[in-house]
Amino acid sequence: MTVSKTLHDCGPVHAGPPSGFAMLPWLLMGMGAVSHLLQGETPSPWIGGLGLLAFNSLYIAVVFLAFNSGRRESAAASRWALAALAGVTFALAAGYGGDWLLFFPLLGLAVGAVLRGRQLVWVVLPLCVAAGAVAAWRDGWGAISVVYGTFISSMVTAAVLRLSETVRELRATREELARGAVEKERLRFSRDLHDLLGHTLSVIVVKAEAARRLGVRDMDAALTQISDIEAVGRQALTEIREAVTGYREGSLTAELGRARDTLSTAGIEPEVRLSGPLLKPEAEALLGWVVRESVTNVVRHSRAAHCVIALTGTAERARLTVTDDGRGPDPAGTSGGSGLRGLAERLGAAGGTLESGPVPDGGFRVTAELPVTAVA
């Protein structure tokens with residue numbers, strides 16, 4: 001019986017086995033030794049039987065320890081069991097020869113299941129040389145094929161298991177990347193929703209209050225405010241649909257126009273100063289978000305009388321400031337800090353910055369800087 005024929009009869013090694021059970025069918029390679037033992041053709045059968053039991057027990061222990069260890073090459077129990085298995089294998093092969101030499105390829109399978117990298121090479125090469133020497137001593141040069149079987153079984157097993165580990169790692173990495181992409185998109189959508197609804201609802205509240213005040217003395221003016229509420233609501237529906245589909249690109253000019261109207265309706269005098277270079281559409285969209293969020297906070301929290309929106313910059317970077325002369329947030333109101341934090345993250349991702357804080361002589365200022373060619 002040759003090693004190559006035995007390997008062929010037992011079938012291929014499973015690629016990526018989930019546990020040590022996939023390594024157990026290879027124990028059939030030892031059936032020749034079991035047959036000789038049962039037929040009484042083996043000297044000292046009790047020693048052979050105990051050796052066979054020890055080999056099978058150690059082999060099963062090695063493969064299951066290998067598959068249960070997080071890092072096989074560093075599992076002390078696996079290596080100790082593997083060393084004991086090697087001792088039993090050499091004892092049986094040297095003592096009996098013949099079909100008992102087929103335990104060397106089984107030892108190679110166990111070595112391939114436990115070791116990786118340089119450790120595998122440093123163990124397999126001496127193992128093959130020693131196996132060849134034992135085989136030649138017991139059965140002559142015709143049994144030297146055991147070297148080939150031992151080498152192939154160890155290397156192929158290690159390669160297949162390493163490939164299986166790599167596939168699992170790649171799958172885990174892909175799932176992690178997918179979770180990260182979903183979380184990033186969820187964060188983007190939550191920011192868009194906050195910016196859209198926060199501004200729109202603030203405008204609707206301001207115009208509704210104006211309509212209520214005007215309704216007593218000037219019905220036409222009140223109806224104008226109600227018409228504006230309807231227009232703002234329709235515009236908000238359009239923007240939400242665009243945000244959901246991911247195609248929304250804000251226009252800075254349109255945001256400045258809405259900012260003027262919102263501030264005037266709230267009784268805050270608007271002042272807009274524009275200079276500096278032309279901006280790319282992506283940069284305009286980002287600065288439009290800054291105008292929207294800043295003006296929303298001015299209307300909701302500042303209790304200001306005057307608000308200045310200034311756009312300046314150089315050929316490389318644009319600078320937008322929104323400054324009000326308010327007295328600080330209304331104690332009964334809520335902070336708009338979450339919106340500014342989201343904007344800071346957006347601008348930071350595009351190479352810009354966002355700073356906000358009180359003005360020394362009174363009021364509050366939001367300052368945004370952004371590359372002229374920034375990509376949103």
# chains A, B, ... in the order shown; residues from 1 in each chain; ligands from 1
call {"tool": "residues_around", "arguments": {"residues": "Thr265 of chain A", "least_positions_apart": "3", "cutoff": "9 Å", "atoms": "only C-alpha atoms", "output": "list of chain:residue names"}}
result
A:Val203, A:Val206, A:Lys207, A:Ala210, A:Gln225, A:Arg260, A:Asp261, A:Thr262, A:Ile268
call {"tool": "residues_around", "arguments": {"residues": "Ser35 of chain A", "least_positions_apart": "2", "cutoff": "12 Å", "atoms": "only C-alpha atoms", "output": "ChimeraX atom specification"}}
result
/A:28-33,37-42,45,48-49,52,99-100
call {"tool": "write_last_selection", "arguments": {"atoms": "C-alpha atoms", "output": "short mmCIF file (atom, residue, chain, number, x, y, z; two decimals), in the first residue's frame"}}
result
data_model
loop_
_atom_site.label_atom_id
_atom_site.label_comp_id
_atom_site.auth_asym_id
_atom_site.auth_seq_id
_atom_site.Cartn_x
_atom_site.Cartn_y
_atom_site.Cartn_z
CA LEU A 28 -8.78 5.77 8.17
CA MET A 29 -5.19 5.84 6.94
CA GLY A 30 -4.35 3.76 10.00
CA MET A 31 -6.77 0.95 9.12
CA GLY A 32 -3.94 -1.14 7.68
CA ALA A 33 -2.17 -1.14 11.02
CA LEU A 37 -3.14 -5.91 14.80
CA LEU A 38 -6.49 -7.71 14.75
CA GLN A 39 -5.14 -10.56 12.60
CA GLY A 40 -2.32 -11.17 15.06
CA GLU A 41 0.37 -10.20 12.53
CA THR A 42 1.84 -7.54 14.82
CA PRO A 45 -0.01 -6.69 20.09
CA GLY A 48 0.74 -1.93 19.47
CA GLY A 49 -2.87 -1.62 20.66
CA LEU A 52 -2.67 2.91 18.48
CA ASP A 99 1.53 0.22 7.29
CA TRP A 100 2.48 1.85 10.59
#
call {"tool": "atom_distance", "arguments": {"atom1": "atom CA of Leu343 of chain A", "atom2": "atom CA of Leu286 of chain A"}}
result
8.3 Å
call {"tool": "atom_distance", "arguments": {"atom1": "atom CA of Leu127 of chain A", "atom2": "atom CA of Gly108 of chain A"}}
result
8.3 Å
call {"tool": "residues_around", "arguments": {"residues": "Val366 of chain A", "least_positions_apart": "2", "cutoff": "6 Å", "atoms": "only C-alpha atoms", "output": "PyMOL selection string"}}
result
chain A and resi 321-322+355-356
call {"tool": "closest_residue", "arguments": {"among": "A:Leu311, A:Val216, A:Val295, A:Leu263", "to": "Pro277 of chain A", "atoms": "only C-alpha atoms"}}
result
A:Leu311
call {"tool": "residues_around", "arguments": {"residues": "Phe103 of chain A", "least_positions_apart": "6", "cutoff": "9 Å", "atoms": "only C-alpha atoms", "output": "PDB file with C-alpha atoms, in the first residue's frame"}}
result
ATOM      1  CA  LEU A  27      -7.672   8.403  10.701  1.00  0.00           C
ATOM      2  CA  MET A  29      -5.193   5.836   6.936  1.00  0.00           C
ATOM      3  CA  GLY A  30      -4.350   3.755   9.996  1.00  0.00           C
ATOM      4  CA  PHE A  55      -2.001   7.941  18.755  1.00  0.00           C
ATOM      5  CA  THR A  89       4.331   8.210  15.860  1.00  0.00           C
ATOM      6  CA  PHE A  90       8.094   7.678  15.748  1.00  0.00           C
ATOM      7  CA  LEU A  92       5.190   2.989  16.368  1.00  0.00           C
ATOM      8  CA  ALA A  93       6.813   3.553  12.963  1.00  0.00           C
ATOM      9  CA  THR A 150       4.207  13.741   5.142  1.00  0.00           C
TER      10      THR A 150
END
call {"tool": "residues_around", "arguments": {"residues": "Ile152 of chain A", "least_positions_apart": "4", "cutoff": "12 Å", "atoms": "only C-alpha atoms", "output": "PDB file with C-alpha atoms, in the first residue's frame"}}
result
ATOM      1  CA  VAL A   3       1.039   6.700   0.620  1.00  0.00           C
ATOM      2  CA  SER A   4      -0.244   8.377  -2.565  1.00  0.00           C
ATOM      3  CA  LEU A   7      -4.320   9.774   0.274  1.00  0.00           C
ATOM      4  CA  PRO A  12      -9.517  15.686  -0.228  1.00  0.00           C
ATOM      5  CA  VAL A  13      -9.113  17.843   2.841  1.00  0.00           C
ATOM      6  CA  PHE A 104       3.713   9.993   9.527  1.00  0.00           C
ATOM      7  CA  PRO A 105       1.337  11.675   7.016  1.00  0.00           C
ATOM      8  CA  LEU A 106      -1.272  11.810   9.790  1.00  0.00           C
ATOM      9  CA  LEU A 107       1.300  13.527  11.974  1.00  0.00           C
ATOM     10  CA  GLY A 108       1.867  15.926   9.058  1.00  0.00           C
ATOM     11  CA  LEU A 109      -1.851  16.747   9.021  1.00  0.00           C
ATOM     12  CA  VAL A 111       1.370  19.709  12.252  1.00  0.00           C
ATOM     13  CA  GLY A 112      -0.336  21.626   9.423  1.00  0.00           C
ATOM     14  CA  VAL A 124       8.130  20.030   8.648  1.00  0.00           C
ATOM     15  CA  LEU A 125      11.572  19.787   7.047  1.00  0.00           C
ATOM     16  CA  CYS A 128      10.272  14.711   6.680  1.00  0.00           C
ATOM     17  CA  SER A 145       7.379   7.909  -0.463  1.00  0.00           C
ATOM     18  CA  VAL A 146       6.307   8.481   3.128  1.00  0.00           C
ATOM     19  CA  VAL A 147       8.432  11.636   2.986  1.00  0.00           C
ATOM     20  CA  TYR A 148       6.320  12.960   0.126  1.00  0.00           C
ATOM     21  CA  VAL A 156      -1.610  21.431   2.018  1.00  0.00           C
ATOM     22  CA  THR A 157      -3.452  21.332   5.342  1.00  0.00           C
ATOM     23  CA  ALA A 158      -1.743  24.513   6.537  1.00  0.00           C
ATOM     24  CA  ALA A 159      -2.417  26.264   3.224  1.00  0.00           C
ATOM     25  CA  VAL A 160      -6.092  25.273   3.110  1.00  0.00           C
TER      26      VAL A 160
END
call {"tool": "atom_distance", "arguments": {"atom1": "atom CA of Arg292 of chain A", "atom2": "atom CA of Thr200 of chain A"}}
result
9.4 Å
call {"tool": "residues_around", "arguments": {"residues": "Ser294 of chain A", "least_positions_apart": "4", "cutoff": "10 Å", "atoms": "only C-alpha atoms", "output": "list in words"}}
result
His199, Ala259, Gly288, Trp289, Val290, Val298, Val299, Arg300, Ile309, Thr321, Val322, Thr323, Asp324, Gly336, Gly339, Leu340, Ser356, Arg365, Val366 and Thr367 of chain A
call {"tool": "closest_residue", "arguments": {"among": "A:Arg174, A:Arg162, A:Ala368, A:Gly87", "to": "Ala344 of chain A", "atoms": "only C-alpha atoms"}}
result
A:Ala368
call {"tool": "select_by_dssp", "arguments": {"residues": "segment 9-141 of chain A", "states": "alpha helix (DSSP H)", "output": "PyMOL selection string"}}
result
chain A and resi 9-10+31-38+45-68+76-96+103-114+117-139
call {"tool": "write_last_selection", "arguments": {"atoms": "C-alpha atoms", "output": "mmCIF file, in the first residue's frame"}}
result
data_model
loop_
_atom_site.group_PDB
_atom_site.id
_atom_site.type_symbol
_atom_site.label_atom_id
_atom_site.label_comp_id
_atom_site.auth_asym_id
_atom_site.auth_seq_id
_atom_site.Cartn_x
_atom_site.Cartn_y
_atom_site.Cartn_z
ATOM 1 C CA ASP A 9 -8.705 6.871 -1.384
ATOM 2 C CA CYS A 10 -9.399 8.996 1.661
ATOM 3 C CA MET A 31 -6.771 0.947 9.118
ATOM 4 C CA GLY A 32 -3.940 -1.140 7.676
ATOM 5 C CA ALA A 33 -2.174 -1.140 11.023
ATOM 6 C CA VAL A 34 -5.447 -1.966 12.788
ATOM 7 C CA SER A 35 -6.013 -4.894 10.389
ATOM 8 C CA HIS A 36 -2.572 -6.346 11.080
ATOM 9 C CA LEU A 37 -3.138 -5.906 14.796
ATOM 10 C CA LEU A 38 -6.485 -7.712 14.750
ATOM 11 C CA PRO A 45 -0.006 -6.694 20.091
ATOM 12 C CA TRP A 46 -0.743 -5.185 23.504
ATOM 13 C CA ILE A 47 1.973 -2.597 23.010
ATOM 14 C CA GLY A 48 0.742 -1.929 19.473
ATOM 15 C CA GLY A 49 -2.867 -1.616 20.664
ATOM 16 C CA LEU A 50 -1.941 0.806 23.425
ATOM 17 C CA GLY A 51 0.196 2.776 20.976
ATOM 18 C CA LEU A 52 -2.669 2.914 18.476
ATOM 19 C CA LEU A 53 -5.056 4.118 21.196
ATOM 20 C CA ALA A 54 -2.567 6.746 22.331
ATOM 21 C CA PHE A 55 -2.001 7.941 18.755
ATOM 22 C CA ASN A 56 -5.716 8.297 17.974
ATOM 23 C CA SER A 57 -6.419 10.053 21.290
ATOM 24 C CA LEU A 58 -3.541 12.505 20.831
ATOM 25 C CA TYR A 59 -4.455 13.148 17.178
ATOM 26 C CA ILE A 60 -8.061 13.983 18.098
ATOM 27 C CA ALA A 61 -6.883 16.192 20.955
ATOM 28 C CA VAL A 62 -4.434 18.061 18.699
ATOM 29 C CA VAL A 63 -6.892 18.833 15.912
ATOM 30 C CA PHE A 64 -9.656 19.951 18.250
ATOM 31 C CA LEU A 65 -7.268 22.112 20.273
ATOM 32 C CA ALA A 66 -5.994 23.609 17.032
ATOM 33 C CA PHE A 67 -9.448 24.588 15.824
ATOM 34 C CA ASN A 68 -10.568 25.870 19.217
ATOM 35 C CA ALA A 76 0.738 25.749 24.498
ATOM 36 C CA ALA A 77 -1.655 22.828 24.913
ATOM 37 C CA SER A 78 -1.722 22.204 21.158
ATOM 38 C CA ARG A 79 2.071 22.150 20.932
ATOM 39 C CA TRP A 80 2.512 19.849 23.901
ATOM 40 C CA ALA A 81 -0.069 17.445 22.488
ATOM 41 C CA LEU A 82 1.629 17.665 19.088
ATOM 42 C CA ALA A 83 5.018 16.821 20.621
ATOM 43 C CA ALA A 84 3.510 13.797 22.376
ATOM 44 C CA LEU A 85 1.846 12.715 19.114
ATOM 45 C CA ALA A 86 5.216 12.941 17.322
ATOM 46 C CA GLY A 87 6.826 10.757 19.984
ATOM 47 C CA VAL A 88 4.157 8.076 19.692
ATOM 48 C CA THR A 89 4.331 8.210 15.860
ATOM 49 C CA PHE A 90 8.094 7.678 15.748
ATOM 50 C CA ALA A 91 7.860 4.876 18.314
ATOM 51 C CA LEU A 92 5.190 2.989 16.368
ATOM 52 C CA ALA A 93 6.813 3.553 12.963
ATOM 53 C CA ALA A 94 10.258 2.522 14.185
ATOM 54 C CA GLY A 95 8.888 -0.468 16.077
ATOM 55 C CA TYR A 96 6.644 -1.939 13.393
ATOM 56 C CA PHE A 103 1.048 7.541 10.729
ATOM 57 C CA PHE A 104 3.713 9.993 9.527
ATOM 58 C CA PRO A 105 1.337 11.675 7.016
ATOM 59 C CA LEU A 106 -1.272 11.810 9.790
ATOM 60 C CA LEU A 107 1.300 13.527 11.974
ATOM 61 C CA GLY A 108 1.867 15.926 9.058
ATOM 62 C CA LEU A 109 -1.851 16.747 9.021
ATOM 63 C CA ALA A 110 -1.736 17.563 12.720
ATOM 64 C CA VAL A 111 1.370 19.709 12.252
ATOM 65 C CA GLY A 112 -0.336 21.626 9.423
ATOM 66 C CA ALA A 113 -3.398 22.199 11.587
ATOM 67 C CA VAL A 114 -1.387 23.641 14.491
ATOM 68 C CA GLY A 117 4.603 30.439 8.898
ATOM 69 C CA ARG A 118 8.243 29.870 9.839
ATOM 70 C CA GLN A 119 7.348 27.505 12.664
ATOM 71 C CA LEU A 120 5.716 25.201 10.118
ATOM 72 C CA VAL A 121 8.798 25.177 7.873
ATOM 73 C CA TRP A 122 11.232 24.623 10.742
ATOM 74 C CA VAL A 123 9.186 21.630 11.958
ATOM 75 C CA VAL A 124 8.130 20.030 8.648
ATOM 76 C CA LEU A 125 11.572 19.787 7.047
ATOM 77 C CA PRO A 126 13.245 17.922 9.956
ATOM 78 C CA LEU A 127 10.100 15.809 10.328
ATOM 79 C CA CYS A 128 10.272 14.711 6.680
ATOM 80 C CA VAL A 129 13.977 13.889 6.932
ATOM 81 C CA ALA A 130 13.433 11.856 10.112
ATOM 82 C CA ALA A 131 10.387 10.098 8.623
ATOM 83 C CA GLY A 132 12.392 9.193 5.523
ATOM 84 C CA ALA A 133 15.210 7.808 7.639
ATOM 85 C CA VAL A 134 12.841 5.660 9.703
ATOM 86 C CA ALA A 135 11.029 4.430 6.580
ATOM 87 C CA ALA A 136 14.270 3.540 4.799
ATOM 88 C CA TRP A 137 15.578 1.746 7.882
ATOM 89 C CA ARG A 138 12.417 -0.308 8.394
ATOM 90 C CA ASP A 139 11.232 -1.058 4.819
#
